[in-house]
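As structure tokens, the structure follows; a few thoughts come after it.
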Amino acid sequence: MFPLGSVLLPGVVLPLHVFEPRYRALVRDCLAGDRSFGVVLIERGSEVGGGDVRTDAGTLARIVRVDELPGDRYALVAVGLHRIRVTRWLPDDPYPRAEVEPWPDEPGPAAGGDGAALAEVTALLRRAAALRAELGEPAPPLDVDLGEDPVVAGYRAAALSPLGPADRHELLCAATAGARLDRLRELLRDQIELLEARLAAP
């Protein structure tokens with residue numbers, strides 16, 4: 001397990017610079033196996049040194065590229081595969097370890113209809129991107145296309161939205177794709193209000 005101060009969502013690319021001895025051992029073990037590891041959010045504490053408090057929901061990641069750096073360090077690129085839930089934390093030996101299980105979305109239609117929810121999330125995401133660009137901040141392209149799959153689209157929109165780790169973790173934990181899209185609409189409306197207020201400020 002690799003606890004981080006940020007949230008990895010399924011389908012999202014994760015670059016990592018690995019320098020701590022315990023995580024160098026994790027990388028070596030992953031490369032000797034199927035190259036996968038779990039990523040969870042640190043609720044309290046630091047990524048470095050241990051002693052952190054971790055969430056029990058996360059994402060299974062797979063290493064797709066690894067470069068060895070001087071000083072026995074690694075530059076990794078991993079990609080999020082799917083949600084996982086921690087059923088039991090194990091002693092760190094030497095890195096965090098846990099027993100996990102896949103955590104698929106519950107079945108059921110999206111509230112408000114997949115098509116309507118996706119269309120509104122896309123429009124809100126474009127509006128937020130335009131405001132961020134106007135403020136001179138990094139923003140996704142205005143012609144962003146989330147696709148038609150509500151699960152994939154929800155995670156992609158969450159990754160592109162101007163949200164903090166707590167909000168992204170809430171979206172990761174949504175029971176259904178529809179619930180995720182509905183909550184995204186609320187969060188994006190709130191972010192747009194904040195961005196508009198910042199633009200209007202003298």
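To be explicit about the labels: the chains of the structure tokens are called A, B, and onward in the order shown, and within each one the residues are counted from 1, while ligands get numbers from 1 in the order they are shown.
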
Shell around Ala157 (chain A) at 9 Å using only C-alpha atoms, local window under 2 positions removed, as a short mmCIF file (atom, residue, chain, number, x, y, z; two decimals) with C-alpha atoms, in the first residue's frame:
```cif
data_model
loop_
_atom_site.label_atom_id
_atom_site.label_comp_id
_atom_site.auth_asym_id
_atom_site.auth_seq_id
_atom_site.Cartn_x
_atom_site.Cartn_y
_atom_site.Cartn_z
CA VAL A 121 -21.26 17.83 -15.56
CA THR A 122 -19.49 18.44 -18.88
CA LEU A 125 -16.54 21.44 -16.00
CA LEU A 146 -15.84 12.80 -20.84
CA VAL A 152 -15.39 6.43 -16.53
CA ALA A 153 -16.79 9.92 -17.10
CA GLY A 154 -17.42 10.50 -13.41
CA TYR A 155 -13.88 9.61 -12.44
CA ALA A 159 -9.82 14.28 -11.75
CA LEU A 160 -10.20 17.38 -13.94
CA SER A 161 -12.28 19.38 -11.46
CA LEU A 181 -22.24 12.49 -11.00
CA LEU A 184 -19.98 16.31 -8.86
#
```

*Within 10 Å of Arg97 (chain A), counting only C-alpha atoms, which residues show up once you throw out same-chain ones fewer than 5 positions away? Write them as a PyMOL selection string, please.*
chain A and resi 1-2+26+37-38+86+88-92

With C-alpha atoms retained, export the selected residues as a PDB file, in the first residue's frame.
```pdb
ATOM      1  CA  MET A   1       0.000   0.000   0.000  1.00  0.00           C
ATOM      2  CA  PHE A   2       1.178   3.515  -0.829  1.00  0.00           C
ATOM      3  CA  LEU A  26       7.745  -1.791  -2.174  1.00  0.00           C
ATOM      4  CA  PHE A  37      -0.132  -1.743  -5.355  1.00  0.00           C
ATOM      5  CA  GLY A  38      -2.897   0.058  -3.497  1.00  0.00           C
ATOM      6  CA  VAL A  86      -9.221  -2.185   2.902  1.00  0.00           C
ATOM      7  CA  ARG A  88      -7.644  -5.182   7.370  1.00  0.00           C
ATOM      8  CA  TRP A  89      -4.446  -3.226   7.850  1.00  0.00           C
ATOM      9  CA  LEU A  90      -1.377  -5.371   8.482  1.00  0.00           C
ATOM     10  CA  PRO A  91       1.810  -4.340  10.284  1.00  0.00           C
ATOM     11  CA  ASP A  92       4.175  -2.245   8.178  1.00  0.00           C
TER      12      ASP A  92
END
```

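Excluding Leu31 (chain A) itself and same-chain residues fewer than 5 positions from it, the residues having an atom within 12 Å of it are Arg24, Ala25, Leu26, Ser36, Phe37, Arg62, Ile63, Val64, Arg65, Val66, Asp67, Tyr74, Leu76 and Ala78 of chain A, counting only C-alpha atoms.
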
Export N, CA and C atoms of the chosen residues as an mmCIF file, in the first residue's frame?
```cif
data_model
loop_
_atom_site.group_PDB
_atom_site.id
_atom_site.type_symbol
_atom_site.label_atom_id
_atom_site.label_comp_id
_atom_site.auth_asym_id
_atom_site.auth_seq_id
_atom_site.Cartn_x
_atom_site.Cartn_y
_atom_site.Cartn_z
ATOM 1 N N ARG A 24 11.103 2.109 -1.581
ATOM 2 C CA ARG A 24 11.985 1.475 -2.570
ATOM 3 C C ARG A 24 11.808 -0.036 -2.493
ATOM 4 N N ALA A 25 11.655 -0.577 -1.287
ATOM 5 C CA ALA A 25 11.401 -2.018 -1.130
ATOM 6 C C ALA A 25 10.065 -2.397 -1.735
ATOM 7 N N LEU A 26 9.059 -1.533 -1.568
ATOM 8 C CA LEU A 26 7.745 -1.791 -2.174
ATOM 9 C C LEU A 26 7.862 -1.884 -3.690
ATOM 10 N N SER A 36 1.421 -4.283 -9.230
ATOM 11 C CA SER A 36 0.285 -3.538 -8.694
ATOM 12 C C SER A 36 0.466 -3.242 -7.214
ATOM 13 N N PHE A 37 -0.141 -2.143 -6.756
ATOM 14 C CA PHE A 37 -0.132 -1.743 -5.355
ATOM 15 C C PHE A 37 -1.366 -0.880 -5.110
ATOM 16 N N ARG A 62 -1.309 0.142 -11.106
ATOM 17 C CA ARG A 62 -0.321 -0.732 -11.729
ATOM 18 C C ARG A 62 0.795 0.119 -12.327
ATOM 19 N N ILE A 63 2.025 -0.283 -12.078
ATOM 20 C CA ILE A 63 3.188 0.417 -12.635
ATOM 21 C C ILE A 63 3.260 0.144 -14.135
ATOM 22 N N VAL A 64 3.311 1.217 -14.915
ATOM 23 C CA VAL A 64 3.418 1.066 -16.366
ATOM 24 C C VAL A 64 4.783 1.527 -16.881
ATOM 25 N N ARG A 65 5.517 2.263 -16.033
ATOM 26 C CA ARG A 65 6.873 2.677 -16.421
ATOM 27 C C ARG A 65 7.690 2.883 -15.161
ATOM 28 N N VAL A 66 8.943 2.486 -15.215
ATOM 29 C CA VAL A 66 9.839 2.707 -14.081
ATOM 30 C C VAL A 66 11.222 3.071 -14.598
ATOM 31 N N ASP A 67 11.800 4.107 -14.021
ATOM 32 C CA ASP A 67 13.164 4.519 -14.339
ATOM 33 C C ASP A 67 13.967 4.531 -13.048
ATOM 34 N N TYR A 74 13.639 5.819 -7.576
ATOM 35 C CA TYR A 74 12.853 5.415 -8.739
ATOM 36 C C TYR A 74 11.929 6.553 -9.172
ATOM 37 N N LEU A 76 8.488 6.566 -11.097
ATOM 38 C CA LEU A 76 7.455 5.632 -11.544
ATOM 39 C C LEU A 76 6.340 6.367 -12.254
ATOM 40 N N ALA A 78 2.379 5.147 -12.750
ATOM 41 C CA ALA A 78 1.371 4.111 -12.519
ATOM 42 C C ALA A 78 0.030 4.629 -12.996
#
```

*Report the distance between CA of Val151 (chain A) and CA of Leu195 (chain A) in Å, rounded to one decimal place.*
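Taking CA of Val151 (chain A) as the start and CA of Leu195 (chain A) as the end point, the length is 26.7 Å.
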
_Which residues are close to region 21-23 of chain A, i.e. within 9 Å by only C-alpha atoms, leaving aside same-chain residues fewer than 3 positions away? Reply as number ranges by chain._
A: 2, 18, 26-28, 72-73, 93-96

*Using the chain letters and numbers from this document, which residues of region 54-201 of chain A does DSSP assign to helix (DSSP H, G or I), as a VMD selection string?*
chain A and resid 114 to 134 150 to 160 165 to 172 177 to 200

*Among chain A, which ones does DSSP place in strand (DSSP E), written as a ChimeraX atom specification?*
/A:2-4,13-18,36-44,53-69,73-90,97-102

*Quick one, how far is CA of Pro162 (chain A) from CA of Ala128 (chain A)?*
7.8 Å

*8 Å contact set for Leu60 (chain A), only C-alpha atoms, chain neighbours under 5 positions out, as number ranges by chain*: A: 10, 36-39, 80-84

*Quick one: residues within 10 Å of Leu199 (chain A), only C-alpha atoms counted, chain neighbours fewer than 6 positions away excluded, as a list in words?*
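Near Leu199 (chain A), the qualifying residues are Leu131, Arg132, Glu134, Leu135 and Glu193 of chain A.
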
*Could you state the separation of CA of Glu186 (chain A) and CA of Cys173 (chain A) in Å, given to one decimal place?*
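Computed distance, CA of Glu186 (chain A) to CA of Cys173 (chain A), equals 15.8 Å.
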
*Which one is closest to Glu170 (chain A): A:Pro107, A:Pro141, A:Pro15, A:Gly58? Count only C-alpha atoms.*
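Looking at the shortest contact to Glu170 (chain A), the residue is A:Gly58.
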
*Closest of A:Leu9, A:Ile42, A:Leu16, A:Leu142 to Ala75 (chain A) - atom-to-atom distances counting only C-alpha atoms*: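 Looking only at the distances to Ala75 (chain A), the closest residue turns out to be A:Leu16.
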